[in-house]
Structure formats: structure tokens, C-alpha cells
4 protein chains.
Amino acid sequence: MSEPKEPIQDIAHLGHVEILTPKPDESLRFFADVLGMHEVARRGRSVYLRGWGDYDCTTFTLTESDRAGLGHAGWRAVSPQALERRARALEATGRGMGWIDGDVGHGPAYQFTDPDGHRMEVYYESEKYRAPDEWRSKLKNQPQKYAGRGVGVQRLDHVNLMCRDVTANKEFLQEHLGFKLREHIVLDNGVEAGAWVSVSQLVHDIAYTRDFTGNRGRLHHAAFWLDNREDVLRAADILTEHEVFIETGPAKHSITQAFFLYLYEPGGNRIELFSGGYLIFAPDWEPVTWSEAERGTGVYWGGALPESFKIYGTPVVAAPVDQRPEVPAFDPQ
Amino acid sequence: MSEPKEPIQDIAHLGHVEILTPKPDESLRFFADVLGMHEVARRGRSVYLRGWGDYDCTTFTLTESDRAGLGHAGWRAVSPQALERRARALEATGRGMGWIDGDVGHGPAYQFTDPDGHRMEVYYESEKYRAPDEWRSKLKNQPQKYAGRGVGVQRLDHVNLMCRDVTANKEFLQEHLGFKLREHIVLDNGVEAGAWVSVSQLVHDIAYTRDFTGNRGRLHHAAFWLDNREDVLRAADILTEHEVFIETGPAKHSITQAFFLYLYEPGGNRIELFSGGYLIFAPDWEPVTWSEAERGTGVYWGGALPESFKIYGTPVVAAPVDQRPEVPAFDPQ
Amino acid sequence: MSEPKEPIQDIAHLGHVEILTPKPDESLRFFADVLGMHEVARRGRSVYLRGWGDYDCTTFTLTESDRAGLGHAGWRAVSPQALERRARALEATGRGMGWIDGDVGHGPAYQFTDPDGHRMEVYYESEKYRAPDEWRSKLKNQPQKYAGRGVGVQRLDHVNLMCRDVTANKEFLQEHLGFKLREHIVLDNGVEAGAWVSVSQLVHDIAYTRDFTGNRGRLHHAAFWLDNREDVLRAADILTEHEVFIETGPAKHSITQAFFLYLYEPGGNRIELFSGGYLIFAPDWEPVTWSEAERGTGVYWGGALPESFKIYGTPVVAAPVDQRPEVPAFDPQ
Amino acid sequence: MSEPKEPIQDIAHLGHVEILTPKPDESLRFFADVLGMHEVARRGRSVYLRGWGDYDCTTFTLTESDRAGLGHAGWRAVSPQALERRARALEATGRGMGWIDGDVGHGPAYQFTDPDGHRMEVYYESEKYRAPDEWRSKLKNQPQKYAGRGVGVQRLDHVNLMCRDVTANKEFLQEHLGFKLREHIVLDNGVEAGAWVSVSQLVHDIAYTRDFTGNRGRLHHAAFWLDNREDVLRAADILTEHEVFIETGPAKHSITQAFFLYLYEPGGNRIELFSGGYLIFAPDWEPVTWSEAERGTGVYWGGALPESFKIYGTPVVAAPVDQRPEVPAFDPQ
């Protein structure tokens, strides 16, 4: 038997996510006042935000648009050399879109799309957050003060994208960016219905879940981390008082073990607030495979995931092309 | 300006820690019944244990000895090639001790000592825990059932070693094993009094703290992770009922932000139970430097660290050679 | 306007609950090993248990029977005189059953039934728990050590009884025992579907909820208190690993604000584990009235209560007489 | 043996506390912005505040004064008749000060002083909080929305008063107002150094602790309730970022079992934030007596109480008359 191939270790983590919203003012109020995020800049039709625990200057962008959905996801490389390597590899896939000079908070980025069409980019240079005096924490290892305002999300954690072909998208990230498969759902017909992959020790920096409507390029959710489960329960109180629609949770996923809460922000995008889960230290992690039966209702305990969790995503589509997982409606790639 | 050097990424994480105890029976009862660890094997004078969340078969070894202290710490490499590279690098330092065939739970390991004399090893092959039926969790991504017995420590987290020269030991790990400096204390006289370093996204897989008694090779503590702060508070109740000596805590460190509890196990070794802290995702993390004044009492809030925290370690020494940080008593290396 | 009548303050609190089980061995294992209750005595076909925080010697009795359900509920009076007063008042209602000499843990008790037929008793003399040495807590104000075993329920909290006519049962307790109405549900047709009443500062020492099957004398659930919400989440893990059926929760009730978890013990009785809620200090508390619309799904947030929550009770009845709340099937009393 | 006397049950709970502050603006900012209390009215030199969970319109008054300290404590009676009875009983003690018409939030009150000279009052009529629309909670049983601002104290809980003679003050409340002794410290010389008494099911609505400086009429602290221990830990973060002096905690008292945090508000008064503790349901509760040895450092676990905890109170006195508990410096009453 030959030696195992050495792992690609060029991507460090999910650096930022851009979300599109047709209701920019309401969305901004929600992320700032209810979730307690901090605004750091505005440019064009975009507002750049951060959680109090994000080391980067900005990690979350709200961009005005006619439809909700994902703008793009940005991956930070571990070094300039790693960025170059990944750009070359991506270019070779035919999915590369070329370099941009940078954006608020980061330098040159190589853009590309995943097989399903979601826009992504890789970059290395990043602007660390330097808190102004009034926001400097007594904790030198904390980017800024904890404001104690609203939910108080700590940091951007991951993004979950809907797609027609989970396997193709997962493999694209594995082969060209060094992502590792952590957990996945394999339906009885052999189709992969969800894959949780990461480059970091988190169970997922990104997840792909099958779009049972047969559409492409949609966002399932972006997720923020809270430091403990009491914060998630406290968030449920705050969200309810603000009449925010909580789709499901608090409950505990079997996959990832996350203790979660899903809500729709005013622009229509699904947002997850969560804590818990587990860290992966094993360099030879064996992916956990869940059958349909094992996956069950999607929770370890707590209310079962509703049907909307399977088919609702952004952009919102008028009617699902096909909601039956057994007979996927999409043309194979 | 030249490009930054690419990071060494050969070590995955702290794999196991061996602790020596002159009271093996009491120590075992403590780790099994009070902390809730699981015994997986016995060999010679050693008992091999695990936390319910450890993916490895065993992560903690109790070995009967005439004195308390550290047996050794084991680092898992990311690949067979990475292990070879690190073994060669260590050999070149002159601190290599050669290969052993393996031990309960892992394969061939290259042994060495750090500059202060603590024994360590690097290995790649590791035996994953395969729970027997009665301990198999409903959660396929959890190595075993949570027993709900005693404190219920989840997994081994890090080790803190006392040493004469923090800088020399820290640099040894940085240069030859790819550890990254996360936080450190620099005294007013320029001496580094503590350094927290890691290869993983944890703030520290290992910390070196200055041994103000002027001794060598001592253990400050081994630390176990609990999943939330309520578990740490619950542990305080359980420990108190069992008349276990709690040296300090619950309180929150400024350095690492850990919410901690320190106790002495029956053999005399200091053990930390903690939760909280933060994860490091930045590939270019800027080490946080704490001055004497900034370090203060060692806590962000909660009772100040007692004097014993500075000088007590294992093996226990009759009297500190010198407790004055200003005039270190050791011969320079 | 005349002065308000002075309140009856003769009943102190819910003292004990007896549950019938057709599977006494499985039930006992569940309450002892999974919930972590302590056995204090056996007599006849009954086993007497306690939570670690119960000041009384015993608060929960498991009695072997051919059917699950409520054995009886015991109310402790505030003084011998208060007991006499209540016994006389109950006798005058025609629902008195006379005195018994006492039982394990308490002295003479006056027995009676509520209008729906549930058996109850009032008593004053009670045996405080005197922990044997090995169970004596370091905390002199805590009845015994916290064992750290299983869920670790702290104390009996309340009982919820199903009945045909909520109003009649509620008023019986108000008029003859001094219970105060805290919250209730009034359906659109004017029928009271649930009433939460108490003599203590708890929101409810007992609740009556309409039995939509038209049956009488059934138990909805008995409830145990956990000291914080993390304990409830931890209980969910433990119950799931033990394959205990969790009917609903964790979630937060709007009524009572309890953070709850409902399960069926092996004998079939529904048990609630909860924390949170609120205390009532106002001597002139204004009952909170929930309309059908306001009650909604029964939760403030978290998964909606399932249909079984409305109709399942013990003894289990083969088929609901009528599940439609609009057209209650019972003959008026 | 004669029957036990029936308990007086005329006082319902601690209704409000008035605190004096020489820095009214800073104090107000602290209670409103940092602790998250809500201002409901201003009158004269007083600002009336409430916690989000207080059912009364106002429970906490800040009054400008040249010195910090207690203004007065208000006790709510269970009925108009109970108020009359207590006023007569107090008048008979010679410590009555007569009736006042009322104040913001409550009706006629009978004022008096305890033997140590602290001003108190009893009243019945109280104005419930009616939240304006924007503050009305979705929870009909919650007085108002949880704002998610700062610490977010839920409700006033108790007051702790320093006094020369603990026994005399405790007995005054027991005999004339029906308070019950829950826990107390008895020094080796037989002197009672602290007494925790209540009319409610809380362990203490008020505590008396010996003023080792020999002064009279001082305030040890007023205490606010937080719904869980995570909130107390979160408060520690918020207070530290606001540079509020935390005197001691988070830690767990042995007496009352409270999980506490003590701070000094800008006016100099000590404030406790806490959760945990236990409820007392027994009508015949046996007071828990702690010897000097059993009391120890005042904590069950966590950092020992500092010396200031014994001698600091408001008004602040330049120098303690006598700090030695063995030889109390006061003239006996």
C-alpha cells in the first residue's frame, strides 16, 4: 500500500460572507440592533459589519439587491504562496474568474464559482481590526469590547449553500482547496444529500445541502457563533420580542452537534445562531456517514426540522421544481 | 521586503499526556469516579484513560511512580511524511532520543526532550476509539456515550510545563515543530515569564511558564475541557463534596480567556478543568504580549491567583530555590 | 367598596406525589439511575424516593399497579391548626375521605378527592431528611450531597392533572385550600381549558388541564426541578442516550415561562423536567388570561407542543372519547 | 407539650429599596446603562427605577444625598388588614414613626426604624407596572420586554444591613413582622454575627450582618436577581469592560448558596448581582447555624471573601472603630 497523500493546507478559514438583501435598511437594523453586530464601513450599496469577536476588520457584508441570496464567500489563505497555489489550481479548473484588487478589509482576491454557481474568492492580505479607544477591550486578546447589546453574536462561523449536486461541489472544494469531508448524508438511492466540510478544526466552514427544488446557486444560511447555549436561549427571547421569525430551534442537530436557532432576517435570508458542536483534531478524520434513517428528523433532540428547512433558500423561488428527494428534477452536470 | 516564510504544518494536536503518581489507586479513583474518565487499558504500572469526547482510544496515562510529575507528552503528526520530517528535525537538534515501537493507542514514536528536560514524542499512527455496543452513542459523530458520571470531562486539552527559560523552550517548539506563539508575558526586566503556543486553533496546546523555584522539568498542570461554564461550576460542587483541594477558581483568565478551576489530584499533580477561551483562525496571528502590570493578578475577573500558582509544581520541591522573578537563580543554558 | 377578604394561608406546598406504574422495576431503574433520585424506603408495593434537594425525607412514591396514573398528591399544611382547619373545610365539602395515620415520611393526613376524582391529602407532620454520614453535604443548608449521577433532579416541583371541568377543580382548591389562580387559558367558547394555581411563590404547585378525551382522574404529568437550563439540555443528552421517549422540548412555555422537557417514564407516566419560570411575590396577583389565539402552540419559542400533549395521560385510554376542544364530550357536573 | 404558635403571615415581600448617592448622575448612568434598569419617574432628588422582571411599577430609588447609604426599605403587606395589624404592632414597639401618604408606586405606608436605626416602612397598596406598548412583552406573564441591554438585572431581591447587634434586629423582625430565621452565624463567643431572614420562600428577603466597625445604620448591600449563572458571568465581563470595581466573586456562598458578584456602584454603595440559591418550602424550617469554623472564608468555593467585605459599608466611615470580632466596641443596647 502506498503512503497517504499529504494534505493540502493552504486555506485557513472562512473570512467573510456577503449577503444580498432587498430590504437593506431593515436588514441593517436587524444585524446591528437585534444581533448586535458592529458597522465598520459603507461603500456603494454595501455595509460592512463585524461581530465583537471577529479578529478581521469585517466579516459580513450586507449589499442592497433586488433579491436576497448569497453575494459571495471569501476564504483566507494561510500565506501569500498558498494563495498563489490556490489561484493557479482554481484557474486550471476553468471556474476561475480572475483577480480583483481587494475590498474593504482585504487585499487581492482570486474569484471563482463553485460547480453550482455560488461566487467565492480566495485572498491572503487581511486588515486586522484595530479598535478605537472607546471600543478597546481590557482583554488584549479580544478584538474589541463586548457591547452587551442585543443578541451579541461573537463571530461569523460558516455558510451553508444549497446546490443541485452535493458531491460535485464537495469534491471541488476537496480537490482544489483542501477541504476535508467531516460528515455527510447519503440517501438510500446513493445520492449525497448534504456534506459538511472544513479546512479548520470546526466541523464545517461550509456545508452543501441538496436543493430539492432543483434550483442553483441558492443560500441555505449563514451562521454566527455564540459562546454558550445560554446565549442561544437568550437570543430566542430577544428575537421573539422583536417578532423575528424563528423557523426552528432551539434544538440540537445530530449532524455537527450544533445547538441551533434558525431565523429569517428581514431581507429573507436564513440566519443560524448556534453554539456547541465539536472540534476535529484528527488529521485522518473518518467522515461520518448518515443514512436517511439515521438522519431522521435532523435533530438529536428538540423539535423536528420543518419541511421549509429543506426547500426554503434565497433567492426565494416561487414554487419548488420538485420536492421529492427520490426523483431529483435537475439535469445532471 | 521578502515574502514571509511558509508555516510548518506538520503537527496536528496534543495526543496524550502521561502523569506520574505516587498514589496510583487514589489517583485512578479520582480520575475515574470524580472526573468521570473511562479506563481503556492497563499495562505495567500504567492505566490508560480517556474522556468521553476524545476521538483517540486513550489520551491520558496514569503511571505509578515514586514522585508526581509529567511522564511525557505526545504530539500527533498530520501525516507519515510529516512525522518523518519532524523526527529528522528533532534529531538534528541533538535532543532526539530515538524511536520507540509505540504504546497503547499509538504506533511508532520519535522521542525527545525539550530544552528544560520534559520528555515528549511525536507519532502519527493512532488507534481511534471504537466504542463497545453498550457505550456506542446515538450520535455517530461522538466517540462514545456521555455517561453522566461525576464531572464528566470531555477531552484532554493542553499541558502547562514549568521551565527555567521560557524563551528557549518556546523557540524550540516554534522552530522544530511549527508551534505558533499566541500569547506571552514579558516581565519588566525583559524576561519572558510565560508563553502560550499552539499548532491547532486552540490558544494553547502547550504553555511554558517560568519555574520561579529554579528547578527543571516540572509539570504545572494538565488540562481537560468541559463543554460549557455551567459544567465548570457543577464540577466545583462535585469536587467540594469529594473534599478535593481546589487551588483557585472558578474565575476567568485574562490570558487565553479560559474560565478555569485548578485542583490537585491525589498524587499531587495540578489539574485544570476549564471551558471558554477562544479559537484562533488567523494564519498571521500577532502574539499578544502582556506586561507585568497588564498581567496583574492573572485573572480578568474572579479571585486573584494565589502565590502557590507560581511556585507549586510536580515533582513537588521542598523549598523554592528562588522565588524572585527579578533575579533568576538558574545557570543559563 | 368593602375590604378584600383576607387570604387563606394554610397550605405550605406540594409535599409528595405518588405515581402508579405497571412496570415497577423499569420505573425504579429510570428514576434512580437515569433521573438520579435516591431511594429511601420500601413498603408494600411502594418505593419511596427523593431528589437531592428535597428537604422532606421522601417526596415521590412509585407504587406497583396494573395501570399507570396518579396515586395521590399530598399537601403540607403550615401548622397543626391549619391542618385542622383544612380538614374541617374539606369534610364540609362532602369530598372528604377521612384521616389516615400517616405514611413513610409524614404523620396523620386527611384524605379527599378533587371534583374530578384525583386523590389528595393534607398533613402537617413531616419527617425531615437526615442524611447518613456518607451523604451529608458540606453545605449545611443542603439536605444531602449532590451525587452527580444521571440527570440529577433536584426536587419535586408540581403536578398537572387532567380533568373534565377545569373551573370546578380550580375553584375547589381556591375555596377550600387557599390556592390562588396564577394563569389560565379561556377558550373562545368561554370554557376554561387550563388553570395554573399555587399556594407558594411558584407559578403553580398544581395545574388542571382539560381532558379532551372526556375521561376523569387522569395524570398529565409530575414535574421535577433542575437548577438551570443547562441541566435541562444535559438531561436531553442523557435521556436520548438511554432511549427514553422525549415527547417535546426543550422549549419555553409561554404559560409559566418554564424551560421544559417532557418524557414518558417506563410505566407510561409523563414526567416533566424543567427550570426557569418565575416567582410570584404579589399578594394581589392578577391572574393572566390566555385566549386560544394567545396560547397558540403552547410555546414562547421552541417546537410546538404535539397533539399527544393534549390527549395523552395516564391511565392511558384506548381511544379518546372526543379530541375536539370545541365540542366537549363530557356530561356537565 | 403545647401546640406551636401559628405563624404571622402578614408581610408578602421586600417591595422597594431606596439608596442614597452623592454622585446621582454617575449612579443613574450605572444602574440604567450598565445594569440595564429602567427609569420610571423622577420626583425631587429621587429617580425611580425598576428591573424588567419586577411586577411593581418601581422597586429601586436613587436619591441624591451628601453621603451614600440606605434611604429606606419598604415591605409590602399581604392585605389591608395585615398592614393595619403590623402598623399597630410596630407602634407598640416604640419604634414607629407614623404614616405617610405614599410615594411613587405605592400608597399609605407606616414608617419605623429597626433597632439599629435603619429606616423601613410597611404598605399594602402598590401600583403594578403597566408597560407602554413599545415595552409590552409577548409574554403576558412578564411585566415588560427584556431589553437585552447591559447586565439586564431581572428584579430586586434582598437587602443586607450592617448593625451592631444582629440578634436584636433579627428578633425585632421576627416578633413584629413575622420574619423567619433561615440561616445564621454564631461566633465562638456566642455572638450572632449574621442572620438571614425572610417572609417569602427566598432564603432571605433581608440579612443583618454585624458591623465590626461598631457603627450603626449602615448598608452592606442591595441585591438584584439574575435568572441564571451564565448571566452573572456575563455581568462580570460587562462590569470589567466598564471599569466597575468588583469586590469579590463570582463565587458561591455557603450561606444561602448564592452564586454572587459584589461591586461598588459609583456612589459607593455595594451591590450584589446573583443567581442560584434555594427556595424554602418548609413551614417549620430549622434555622441553619454556622460556627466560625464552618463559615470559614464565607464561600463554598471560589475566592475567599476579602476583609473589606466585613468592614466596608455605606455611609463609608473613615476608620473602623474596631475590626476585631472578639471584642465588639459597641455599647450594648
# chains A, B, ... in the order shown; residues from 1 in each chain; ligands from 1
>>> select_by_dssp(residues="segment 29-244 of chain D", states="strand (DSSP E)", output="PyMOL selection string")
chain D and resi 38-43+46-50+60-64+69-77+96-100+109-113+119-123+155-163+180-186+192-198+206-210+219-225
>>> residues_around(residues="segment 217-226 of chain C", least_positions_apart="3", cutoff="9 Å", atoms="only C-alpha atoms", output="PyMOL selection string")
chain C and resi 17+19+51+68-70+114+116-119+151-164+208-209+211+229-232+262+269-276+309-316
>>> write_last_selection(atoms="N, CA and C atoms", output="short mmCIF file (atom, residue, chain, number, x, y, z; two decimals), in the first residue's frame")
data_model
loop_
_atom_site.label_atom_id
_atom_site.label_comp_id
_atom_site.auth_asym_id
_atom_site.auth_seq_id
_atom_site.Cartn_x
_atom_site.Cartn_y
_atom_site.Cartn_z
N VAL C 17 -45.88 13.22 45.78
CA VAL C 17 -46.75 12.70 44.73
C VAL C 17 -46.50 11.20 44.65
N ILE C 19 -47.08 7.93 42.23
CA ILE C 19 -47.33 7.55 40.84
C ILE C 19 -47.50 6.03 40.77
N GLY C 51 -35.46 13.65 45.66
CA GLY C 51 -34.43 14.36 44.92
C GLY C 51 -33.40 14.87 45.91
N ALA C 68 -50.92 2.67 34.92
CA ALA C 68 -50.20 3.89 35.28
C ALA C 68 -51.20 4.95 35.74
N GLY C 69 -50.69 6.01 36.32
CA GLY C 69 -51.57 7.10 36.73
C GLY C 69 -51.13 7.70 38.05
N LEU C 70 -51.96 8.59 38.55
CA LEU C 70 -51.69 9.23 39.83
C LEU C 70 -52.17 8.33 40.97
N ASP C 114 -60.52 15.56 44.65
CA ASP C 114 -60.96 16.80 44.00
C ASP C 114 -62.21 16.45 43.18
N ASP C 116 -62.80 16.07 40.20
CA ASP C 116 -62.56 15.14 39.09
C ASP C 116 -62.24 13.74 39.57
N GLY C 117 -62.01 13.61 40.87
CA GLY C 117 -61.76 12.28 41.41
C GLY C 117 -60.31 11.97 41.73
N HIS C 118 -59.39 12.88 41.53
CA HIS C 118 -58.00 12.62 41.90
C HIS C 118 -57.89 12.59 43.41
N ARG C 119 -57.15 11.64 43.92
CA ARG C 119 -57.00 11.51 45.36
C ARG C 119 -55.90 12.44 45.88
N VAL C 151 -29.29 12.49 35.44
CA VAL C 151 -29.86 13.83 35.29
C VAL C 151 -29.73 14.63 36.59
N GLY C 152 -29.89 13.97 37.71
CA GLY C 152 -29.76 14.68 38.99
C GLY C 152 -30.87 15.65 39.27
N VAL C 153 -32.13 15.18 39.24
CA VAL C 153 -33.24 16.10 39.54
C VAL C 153 -33.13 16.59 40.98
N GLN C 154 -33.42 17.87 41.15
CA GLN C 154 -33.20 18.49 42.46
C GLN C 154 -34.35 18.29 43.43
N ARG C 155 -35.56 18.56 42.96
CA ARG C 155 -36.71 18.41 43.86
C ARG C 155 -37.99 18.27 43.06
N LEU C 156 -38.98 17.68 43.71
CA LEU C 156 -40.32 17.64 43.16
C LEU C 156 -40.83 19.06 43.08
N ASP C 157 -41.50 19.40 41.97
CA ASP C 157 -41.98 20.78 41.86
C ASP C 157 -43.50 20.89 41.82
N HIS C 158 -44.14 20.21 40.89
CA HIS C 158 -45.59 20.36 40.79
C HIS C 158 -46.20 19.14 40.10
N VAL C 159 -47.52 19.14 40.06
CA VAL C 159 -48.23 18.06 39.39
C VAL C 159 -49.27 18.70 38.48
N ASN C 160 -49.52 18.07 37.35
CA ASN C 160 -50.50 18.58 36.40
C ASN C 160 -51.53 17.48 36.17
N LEU C 161 -52.78 17.81 36.47
CA LEU C 161 -53.84 16.80 36.40
C LEU C 161 -54.82 17.14 35.29
N MET C 162 -55.22 16.14 34.55
CA MET C 162 -56.24 16.31 33.52
C MET C 162 -57.61 16.19 34.19
N CYS C 163 -58.56 16.93 33.69
CA CYS C 163 -59.89 16.84 34.29
C CYS C 163 -60.95 17.29 33.29
N ARG C 164 -62.17 16.90 33.59
CA ARG C 164 -63.27 17.25 32.69
C ARG C 164 -63.62 18.73 32.80
N TYR C 208 -54.44 22.29 36.44
CA TYR C 208 -55.50 21.45 35.89
C TYR C 208 -55.59 21.75 34.41
N THR C 209 -55.60 20.69 33.62
CA THR C 209 -55.80 20.92 32.19
C THR C 209 -56.93 20.03 31.72
N ASP C 211 -59.26 17.53 30.03
CA ASP C 211 -59.06 16.22 29.41
C ASP C 211 -59.96 16.15 28.18
N ARG C 229 -30.95 25.90 33.12
CA ARG C 229 -31.35 25.41 31.81
C ARG C 229 -30.30 24.51 31.19
N GLU C 230 -29.04 24.72 31.54
CA GLU C 230 -28.01 23.81 31.05
C GLU C 230 -28.27 22.39 31.54
N ASP C 231 -28.79 22.27 32.76
CA ASP C 231 -29.12 20.94 33.28
C ASP C 231 -30.23 20.28 32.47
N VAL C 232 -31.15 21.08 31.97
CA VAL C 232 -32.23 20.53 31.15
C VAL C 232 -31.66 20.04 29.81
N TYR C 262 -40.42 17.09 28.25
CA TYR C 262 -41.41 16.09 28.69
C TYR C 262 -41.00 14.72 28.17
N ASN C 269 -46.15 7.03 32.54
CA ASN C 269 -46.50 8.36 33.05
C ASN C 269 -45.59 9.42 32.42
N ARG C 270 -46.21 10.57 32.13
CA ARG C 270 -45.45 11.70 31.58
C ARG C 270 -44.75 12.42 32.74
N ILE C 271 -43.48 12.71 32.54
CA ILE C 271 -42.68 13.41 33.54
C ILE C 271 -42.11 14.67 32.89
N GLU C 272 -42.15 15.76 33.62
CA GLU C 272 -41.53 17.00 33.12
C GLU C 272 -40.25 17.27 33.91
N LEU C 273 -39.23 17.65 33.18
CA LEU C 273 -38.00 18.18 33.78
C LEU C 273 -37.93 19.63 33.33
N PHE C 274 -37.74 20.54 34.26
CA PHE C 274 -37.74 21.93 33.82
C PHE C 274 -36.92 22.81 34.74
N SER C 275 -36.67 24.00 34.24
CA SER C 275 -36.03 25.06 35.01
C SER C 275 -36.63 26.37 34.54
N GLY C 276 -36.19 27.46 35.10
CA GLY C 276 -36.70 28.75 34.66
C GLY C 276 -38.03 29.07 35.31
N PHE C 309 -49.79 15.91 23.48
CA PHE C 309 -49.71 16.67 24.72
C PHE C 309 -51.11 17.00 25.25
N LYS C 310 -52.05 17.03 24.34
CA LYS C 310 -53.42 17.38 24.71
C LYS C 310 -54.22 16.17 25.17
N ILE C 311 -53.91 15.02 24.61
CA ILE C 311 -54.80 13.88 24.87
C ILE C 311 -54.15 12.72 25.61
N TYR C 312 -52.82 12.68 25.63
CA TYR C 312 -52.19 11.57 26.32
C TYR C 312 -52.11 11.86 27.81
N GLY C 313 -52.52 10.89 28.60
CA GLY C 313 -52.41 10.99 30.04
C GLY C 313 -52.43 9.59 30.59
N THR C 314 -52.28 9.46 31.90
CA THR C 314 -52.34 8.12 32.49
C THR C 314 -53.42 8.10 33.55
N PRO C 315 -54.22 7.03 33.66
CA PRO C 315 -54.13 5.82 32.83
C PRO C 315 -54.33 6.17 31.35
N VAL C 316 -53.62 5.40 30.51
CA VAL C 316 -53.77 5.56 29.07
C VAL C 316 -55.14 5.03 28.68
#
>>> residues_around(residues="segment 72-89 of chain D", least_positions_apart="5", cutoff="9 Å", atoms="only C-alpha atoms", output="ChimeraX atom specification")
/C:3-7,282-284 /D:9-19,59,96,98-99,109-111,118-126,159,176-177
>>> interface_residues(of="chain B", to="chain C", cutoff="10 Å", atoms="only C-alpha atoms", output="PyMOL selection string")
chain B and resi 34+36+135-139+144-152+228-231+234-235+237-238+240-243
>>> atom_distance(atom1="atom CA of Tyr300 of chain B", atom2="atom CA of Lys140 of chain A")
10.5 Å
>>> closest_residue(among="C:Pro22, C:Lys180, C:Phe172, C:Thr63", to="Gly94 of chain C", atoms="only C-alpha atoms")
C:Phe172
>>> atom_distance(atom1="atom CA of Arg29 of chain D", atom2="atom CA of Gly71 of chain D")
19.1 Å
>>> select_by_dssp(residues="segment 216-276 of chain B", states="alpha helix (DSSP H)", output="count of residues only")
13
>>> closest_residue(among="A:Gly277, A:Gly194, A:Gly214, A:Pro306", to="Trp290 of chain A", atoms="only C-alpha atoms")
A:Gly194
